[in-house]
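**Q** This is the structure I have questions about; it appears just below.
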Amino acid sequence: MNRLRRRSARRPYEQTQDGVRRIVLGAGGSGRFSTPPTSPARTAPADTSSSSSSLHSAARTPSRPPLRTTAPATRSLLAVVHGDRGQLDSHARQAVAAAALLALRDTAVHVLVFGAFDGDAAALGADTLTVVPEPLAYAPDAKLAFLLALISRERPEHIFLPDNALPDGDLGRRLAAALRETVAAGVIELNRDSAATPYQAGIQSLRRALPRILLLAPGAVDERLPFVGQGVRISALPLQTSSVFRDLGTRVLPPAEVALEEADLIVSAGNGVRDLDGFHALADALGAAVGASRVPVDDGRFARSQQIGATGKTVSASAYLAFGISGAVQHLQGIKHCRHVIAINRDASAPLIRRADLSIIDDTQRVAQALLARVREARGVSLPREAESAHTSHQEKGRRHG
Ligand SMILES: Cc1cc2nc3c(=O)[nH]c(=O)nc-3n(C[C@H](O)[C@H](O)[C@H](O)COP(=O)(O)OP(=O)(O)OC[C@H]3O[C@@H](n4cnc5c(N)ncnc54)[C@H](O)[C@@H]3O)c2cc1C
C-alpha cells in the first residue's frame with residue numbers, strides 16, 4: 001500500500017546498514033537520493049522506481065503515494081513561500097498543501113520558493129517548483145516584480161501564502177495591492193468555493209467567496225498529502241536587486257552576542273560539565289552560542305540569560321549539542337524546536353539520549369577536548385587570541401550574572 005513517508009522532526013536521521021545514525025537534512029531524505037536538476041530549463045521529476053541509482057539507495061527508497069494527476073493542465077494555482085535553511089517550515093508546507101488539495105485534475109500546482117529548498121518538491125504536492133535564490137539585500141520590490149512576472153505568465157486562479165508577518169505575509173499584501181486583487185488574511189478554513197477568517201477575537205468566523213489571494217493562518221491545512229505532485233524543478237536566475245532600499249550590509253555578530261533564540265548552533269552545558277574552560281574553548285572554536293541547563297545556572301556557572309528550558313529560553317537551533325544534560329522535561333521543553341540534537345552523556349539511559357538524534361556515551365570533558373582538537377585540526381589554525389579572551393569574559397559575565 002502506498003503511504004506518505006513522514007520523517008519525524010524529532011528523529012531526522014536514517015539508520016545505516018552498519019547501525020550508525022546518519023542525520024538527514026530534509027523531508028524524505030530526498031537531498032541524498034533525488035536527481036539534481038539540470039539547467040537551464042525544466043527537468044523531469046526524479047524517477048524513484050529507476051534502477052539507475054545505486055542498489056543501496058534503491059533498496060531504501062520507500063513506496064510513493066500516487067501522483068495527484070496526469071491530466072494535461074489547463075489552469076493553475078500558485079503557492080509562494082520562503083525557504084528556511086534549505087527547508088520549508090510547516091506553515092510554508094501547509095500553503096503548498098492548500099493549493100494541492102484544492103487543485104482539480106486539470107490544474108497544475110506551481111510553487112515558488114524564495115531562498116533555498118533542497119527537499120522533495122513532489123512530496124510537497126508541487127507540480128512545478130521554482131527556487132529563486134534569496135538576495136542578500138532586503139529587496140521586497142525585486143521579489144514582487146519576479147512574482148508579478150510569474151503570475152502574468154502562469155495566470156494562476158488563486159495564490160496561497162503563509163500569513164506570517166515577514167516575509168510571506170508582507171509579500172502577499174504587497175501583491176494584493178499591486179494586482180488590486182481581493183485578499184483574505186488569516187484564513188483558518190477553506191474549500192474550493194470559500195474561505196473563512198476569524199472574526200471578533202476568534203469567537204466567530206466570516207466565510208466569503210474564495211478570493212484570488214489567500215494568506216493562511218498556521219494550522220489551516222493538513223500538510224500530509226495522500227498524493228504527490230510531479231515535482232518538476234524549474235531553474236531561475238537570482239533576483240535583480242535594484243532595490244529602492246539601501247543595503248547597509250550585514251554585521252556578523254560574535255556568537256556570544258547572538259540571542260540564544262536566534263542562534264543556529266548552540267553548545268549547552270549541564271551539571272555534567274565541570275571543565276568550563278574547555279567547554280567555552282569549544283564553543284568559541286565552533287562559533288556557537290552558549291546555553292545551559294538550570295542546575296549550572298543556579299549554582300553560578302552560567303548566566304541566568306543562558307538558561308534553556310521551561311523557565312528559561314526556547315531555542316530553535318539547527319544543531320544543539322548538549323553536554324552533560326540529563327534531559328529533564330523542563331529542559332526538553334526549551335529545545336523542542338531544535339532540528340538536530342546531539343547528546344553527550346556518560347549515562348546511556350538519560351532521557352536526553354532518547355530525544356537526541358545522535359548520542360555520544362562518554363565523559364563530557366573527553367568529548368569536548370577531542371572535538372576541539374578536531375575542529376582546530378580541520379581549520380588548520382590554533383584558537384585566535386580574541387576567542388581566548390572572549391571566552392574568559394563569558395565566564396566572568398556568567399559568574400557575575402550568577
Ligand atoms: C518549575 C521548574 C522549572 C524548571 N525549569 C528548568 C529550565 O528551564 N531548564 C532546565 O534545564 N531545568 C529546569 N528545571 C530543572 C530540571 O528539572 C532539572 O533539574 C535540570 O534540568 C537538570 O539539569 P542537568 O540535567 O544539567 O543536571 P543533572 O540532573 O544533575 O544531570 C546531569 C547529567 O549529566 C551527566 N553527567 C554527569 N557527569 C558527566 C560527565 N563527566 N560526562 C558525561 N555526562 C555526565 C549525568 O549522567 C546526568 O545525566 C526546572 C525545574 C522545575 C521544578
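Chain labels A, B, ... are given in the sequence in which chains occur in the C-alpha cells; within each chain residues are numbered consecutively from 1, and ligands are likewise numbered from 1 in the order shown.
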Would you write out, as a Markdown table, a table of all residues in chain A that have an atom no more than 9 Å from an atom of ligand 1, listing for each the closest atom pair and the distance in Å to one decimal, considering only C-alpha atoms and all ligand atoms and ordering rows by chain and rising residue number?
**A**
| residue | atom | partner | partner_atom_place_in_ligand_line | distance |
| --- | --- | --- | --- | --- |
| A:Ala269 | CA | ligand 1 | 26 (O) | 6.8 |
| A:Gly270 | CA | ligand 1 | 26 (O) | 3.2 |
| A:Asn271 | CA | ligand 1 | 26 (O) | 3.8 |
| A:Gly272 | CA | ligand 1 | 37 (C) | 3.4 |
| A:Val273 | CA | ligand 1 | 41 (N) | 6.3 |
| A:Arg274 | CA | ligand 1 | 41 (N) | 7.3 |
| A:Ala292 | CA | ligand 1 | 11 (O) | 6.8 |
| A:Ser293 | CA | ligand 1 | 11 (O) | 3.3 |
| A:Arg294 | CA | ligand 1 | 10 (C) | 4.0 |
| A:Val295 | CA | ligand 1 | 23 (O) | 4.8 |
| A:Pro296 | CA | ligand 1 | 26 (O) | 6.5 |
| A:Val297 | CA | ligand 1 | 11 (O) | 8.6 |
| A:Gln307 | CA | ligand 1 | 9 (N) | 6.0 |
| A:Ile308 | CA | ligand 1 | 9 (N) | 5.0 |
| A:Gly309 | CA | ligand 1 | 8 (O) | 3.2 |
| A:Ala310 | CA | ligand 1 | 8 (O) | 3.9 |
| A:Thr311 | CA | ligand 1 | 8 (O) | 3.6 |
| A:Gly312 | CA | ligand 1 | 8 (O) | 4.3 |
| A:Lys313 | CA | ligand 1 | 8 (O) | 7.1 |
| A:Thr314 | CA | ligand 1 | 8 (O) | 8.8 |
| A:Phe323 | CA | ligand 1 | 44 (N) | 6.8 |
| A:Gly324 | CA | ligand 1 | 34 (O) | 3.5 |
| A:Ile325 | CA | ligand 1 | 25 (O) | 3.7 |
| A:Ser326 | CA | ligand 1 | 49 (O) | 3.4 |
| A:Gly327 | CA | ligand 1 | 25 (O) | 5.4 |
| A:Ala328 | CA | ligand 1 | 21 (O) | 4.9 |
| A:Val329 | CA | ligand 1 | 17 (O) | 6.6 |
| A:Gln330 | CA | ligand 1 | 6 (C) | 4.7 |
| A:His331 | CA | ligand 1 | 11 (O) | 4.0 |
| A:Leu332 | CA | ligand 1 | 11 (O) | 7.7 |
| A:Gln333 | CA | ligand 1 | 8 (O) | 7.9 |
| A:Gly334 | CA | ligand 1 | 8 (O) | 7.0 |
| A:Ile344 | CA | ligand 1 | 43 (C) | 6.1 |
| A:Asn345 | CA | ligand 1 | 44 (N) | 3.6 |
| A:Arg346 | CA | ligand 1 | 43 (C) | 4.1 |
| A:Asp347 | CA | ligand 1 | 47 (O) | 4.5 |
| A:Ala348 | CA | ligand 1 | 47 (O) | 7.9 |
| A:Ser349 | CA | ligand 1 | 49 (O) | 8.1 |
| A:Ala350 | CA | ligand 1 | 49 (O) | 5.2 |
| A:Pro351 | CA | ligand 1 | 49 (O) | 7.8 |
| A:Leu352 | CA | ligand 1 | 49 (O) | 7.9 |
| A:Ile361 | CA | ligand 1 | 43 (C) | 7.3 |
| A:Asp362 | CA | ligand 1 | 43 (C) | 5.6 |
| A:Asp363 | CA | ligand 1 | 42 (N) | 3.4 |
| A:Thr364 | CA | ligand 1 | 42 (N) | 4.0 |
| A:Gln365 | CA | ligand 1 | 41 (N) | 6.4 |
| A:Arg366 | CA | ligand 1 | 42 (N) | 8.0 |
| A:Val367 | CA | ligand 1 | 42 (N) | 8.5 |
**Q** Any chance you could export the current selection's C-alpha atoms as a CSV table (one decimal), in the first residue's frame?
**A**
chain,number,residue,atom,x,y,z
A,269,ALA,CA,26.2,22.7,29.4
A,270,GLY,CA,24.5,20.7,32.1
A,271,ASN,CA,25.6,19.7,35.5
A,272,GLY,CA,27.9,17.2,33.9
A,273,VAL,CA,30.2,19.9,32.7
A,274,ARG,CA,33.0,20.7,35.1
A,292,ALA,CA,23.0,25.8,29.9
A,293,SER,CA,20.5,23.8,31.9
A,294,ARG,CA,19.1,25.1,35.1
A,295,VAL,CA,21.5,23.4,37.6
A,296,PRO,CA,24.7,25.0,36.4
A,297,VAL,CA,22.8,28.3,36.2
A,307,GLN,CA,19.3,29.0,30.8
A,308,ILE,CA,17.3,27.0,28.3
A,309,GLY,CA,14.0,25.3,29.2
A,310,ALA,CA,10.6,25.9,30.6
A,311,THR,CA,11.7,28.7,32.9
A,312,GLY,CA,14.5,29.8,30.5
A,313,LYS,CA,14.7,30.3,26.8
A,314,THR,CA,13.1,28.3,24.0
A,323,PHE,CA,27.0,18.3,27.2
A,324,GLY,CA,26.1,16.5,30.5
A,325,ILE,CA,22.4,17.4,30.5
A,326,SER,CA,20.1,14.7,31.8
A,327,GLY,CA,17.1,15.9,29.7
A,328,ALA,CA,14.5,16.7,32.4
A,329,VAL,CA,11.1,17.5,30.9
A,330,GLN,CA,11.6,21.2,31.8
A,331,HIS,CA,14.8,21.3,29.7
A,332,LEU,CA,13.3,19.4,26.8
A,333,GLN,CA,10.5,22.0,26.6
A,334,GLY,CA,13.1,24.6,25.6
A,344,ILE,CA,26.9,13.8,25.2
A,345,ASN,CA,26.4,11.9,28.4
A,346,ARG,CA,28.0,9.0,30.2
A,347,ASP,CA,24.6,7.7,31.2
A,348,ALA,CA,23.0,5.9,28.2
A,349,SER,CA,19.6,5.9,29.9
A,350,ALA,CA,19.4,9.7,30.4
A,351,PRO,CA,16.2,11.0,28.9
A,352,LEU,CA,18.0,13.4,26.6
A,361,ILE,CA,28.1,8.0,25.6
A,362,ASP,CA,31.2,9.3,27.1
A,363,ASP,CA,32.7,11.8,29.5
A,364,THR,CA,31.9,15.4,28.6
A,365,GLN,CA,35.4,16.7,29.2
A,366,ARG,CA,36.9,14.0,27.0
A,367,VAL,CA,34.5,14.6,24.1
**Q** Determine, counting only C-alpha atoms, which protein, DNA and RNA residues have an atom within 12 Å of an atom of Leu253 of chain A; residues of the same chain fewer than 6 positions away are not included. Present the result as a count of residues only.
**A** 6
**Q** In terms of the shortest atom-to-atom distance over only C-alpha atoms, which of A:Leu112, A:Ile342, A:Ala378, A:Ile353 is closest to Tyr320 of chain A?
**A**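 Checking each of A:Leu112, A:Ile342, A:Ala378, A:Ile353 against Tyr320 of chain A, counting only C-alpha atoms, the winner is A:Ile342.
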**Q** Using only C-alpha atoms, which residues sit within 10 Å of Glu134 of chain A once same-chain residues fewer than 4 positions away are excluded, as a list in words?
**A** His82, Gly83, Val113, Phe114, Gly115, Ala116, Tyr138, Ala139, Lys143, Pro238 and Leu239 of chain A
**Q** Measuring atom to atom with only C-alpha atoms, identify which of A:Ala343, A:Ser63, A:Val290, A:Val111 is nearest to Glu257 of chain A.
**A**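 Residue with the minimum atom-to-atom distance to Glu257 of chain A: A:Val290.
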**Q** Would you mind writing down, as a PyMOL selection string, each residue of segment 297-399 of chain A that DSSP on the backbone assigns to helix (DSSP H, G or I)?
**A** chain A and resi 297-298+304-306+329-334+351-355+364-379+385-399
**Q** For the residues in the current selection, export C-alpha atoms as a PDB file, in the first residue's frame.
**A**
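Output contents, as saved in again20.pdb:
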ATOM      1  CA  VAL A 297      22.824  28.319  36.163  1.00  0.00           C
ATOM      2  CA  ASP A 298      21.512  28.014  39.705  1.00  0.00           C
ATOM      3  CA  ARG A 304      20.527  33.226  34.036  1.00  0.00           C
ATOM      4  CA  SER A 305      20.100  34.580  30.487  1.00  0.00           C
ATOM      5  CA  GLN A 306      21.758  31.406  29.205  1.00  0.00           C
ATOM      6  CA  VAL A 329      11.130  17.532  30.907  1.00  0.00           C
ATOM      7  CA  GLN A 330      11.585  21.222  31.754  1.00  0.00           C
ATOM      8  CA  HIS A 331      14.778  21.316  29.705  1.00  0.00           C
ATOM      9  CA  LEU A 332      13.285  19.372  26.783  1.00  0.00           C
ATOM     10  CA  GLN A 333      10.537  21.958  26.564  1.00  0.00           C
ATOM     11  CA  GLY A 334      13.113  24.575  25.637  1.00  0.00           C
ATOM     12  CA  PRO A 351      16.159  10.998  28.897  1.00  0.00           C
ATOM     13  CA  LEU A 352      18.044  13.361  26.584  1.00  0.00           C
ATOM     14  CA  ILE A 353      19.591  10.360  24.850  1.00  0.00           C
ATOM     15  CA  ARG A 354      16.091   9.261  23.821  1.00  0.00           C
ATOM     16  CA  ARG A 355      15.340  12.729  22.460  1.00  0.00           C
ATOM     17  CA  THR A 364      31.864  15.436  28.589  1.00  0.00           C
ATOM     18  CA  GLN A 365      35.388  16.666  29.186  1.00  0.00           C
ATOM     19  CA  ARG A 366      36.912  13.989  26.965  1.00  0.00           C
ATOM     20  CA  VAL A 367      34.468  14.583  24.147  1.00  0.00           C
ATOM     21  CA  ALA A 368      34.857  18.376  24.347  1.00  0.00           C
ATOM     22  CA  GLN A 369      38.634  18.057  24.176  1.00  0.00           C
ATOM     23  CA  ALA A 370      38.537  15.605  21.279  1.00  0.00           C
ATOM     24  CA  LEU A 371      36.053  17.746  19.373  1.00  0.00           C
ATOM     25  CA  LEU A 372      38.102  20.870  19.970  1.00  0.00           C
ATOM     26  CA  ALA A 373      41.203  19.159  18.665  1.00  0.00           C
ATOM     27  CA  ARG A 374      39.319  18.021  15.538  1.00  0.00           C
ATOM     28  CA  VAL A 375      37.892  21.484  14.908  1.00  0.00           C
ATOM     29  CA  ARG A 376      41.305  23.099  15.249  1.00  0.00           C
ATOM     30  CA  GLU A 377      42.848  20.445  13.045  1.00  0.00           C
ATOM     31  CA  ALA A 378      40.150  20.876  10.389  1.00  0.00           C
ATOM     32  CA  ARG A 379      40.639  24.616  10.367  1.00  0.00           C
ATOM     33  CA  ARG A 385      43.693  35.208  20.908  1.00  0.00           C
ATOM     34  CA  GLU A 386      40.427  37.178  20.726  1.00  0.00           C
ATOM     35  CA  ALA A 387      38.484  33.948  21.103  1.00  0.00           C
ATOM     36  CA  GLU A 388      40.516  33.000  24.152  1.00  0.00           C
ATOM     37  CA  SER A 389      39.866  36.360  25.772  1.00  0.00           C
ATOM     38  CA  ALA A 390      36.219  36.322  24.646  1.00  0.00           C
ATOM     39  CA  HIS A 391      35.631  33.064  26.393  1.00  0.00           C
ATOM     40  CA  THR A 392      37.304  34.273  29.526  1.00  0.00           C
ATOM     41  CA  SER A 393      34.937  37.203  29.540  1.00  0.00           C
ATOM     42  CA  HIS A 394      31.930  34.893  29.014  1.00  0.00           C
ATOM     43  CA  GLN A 395      32.898  33.079  32.124  1.00  0.00           C
ATOM     44  CA  GLU A 396      33.312  36.285  34.053  1.00  0.00           C
ATOM     45  CA  LYS A 397      29.976  37.513  32.761  1.00  0.00           C
ATOM     46  CA  GLY A 398      28.397  34.190  33.695  1.00  0.00           C
ATOM     47  CA  ARG A 399      29.804  34.371  37.211  1.00  0.00           C
TER      48      ARG A 399
END
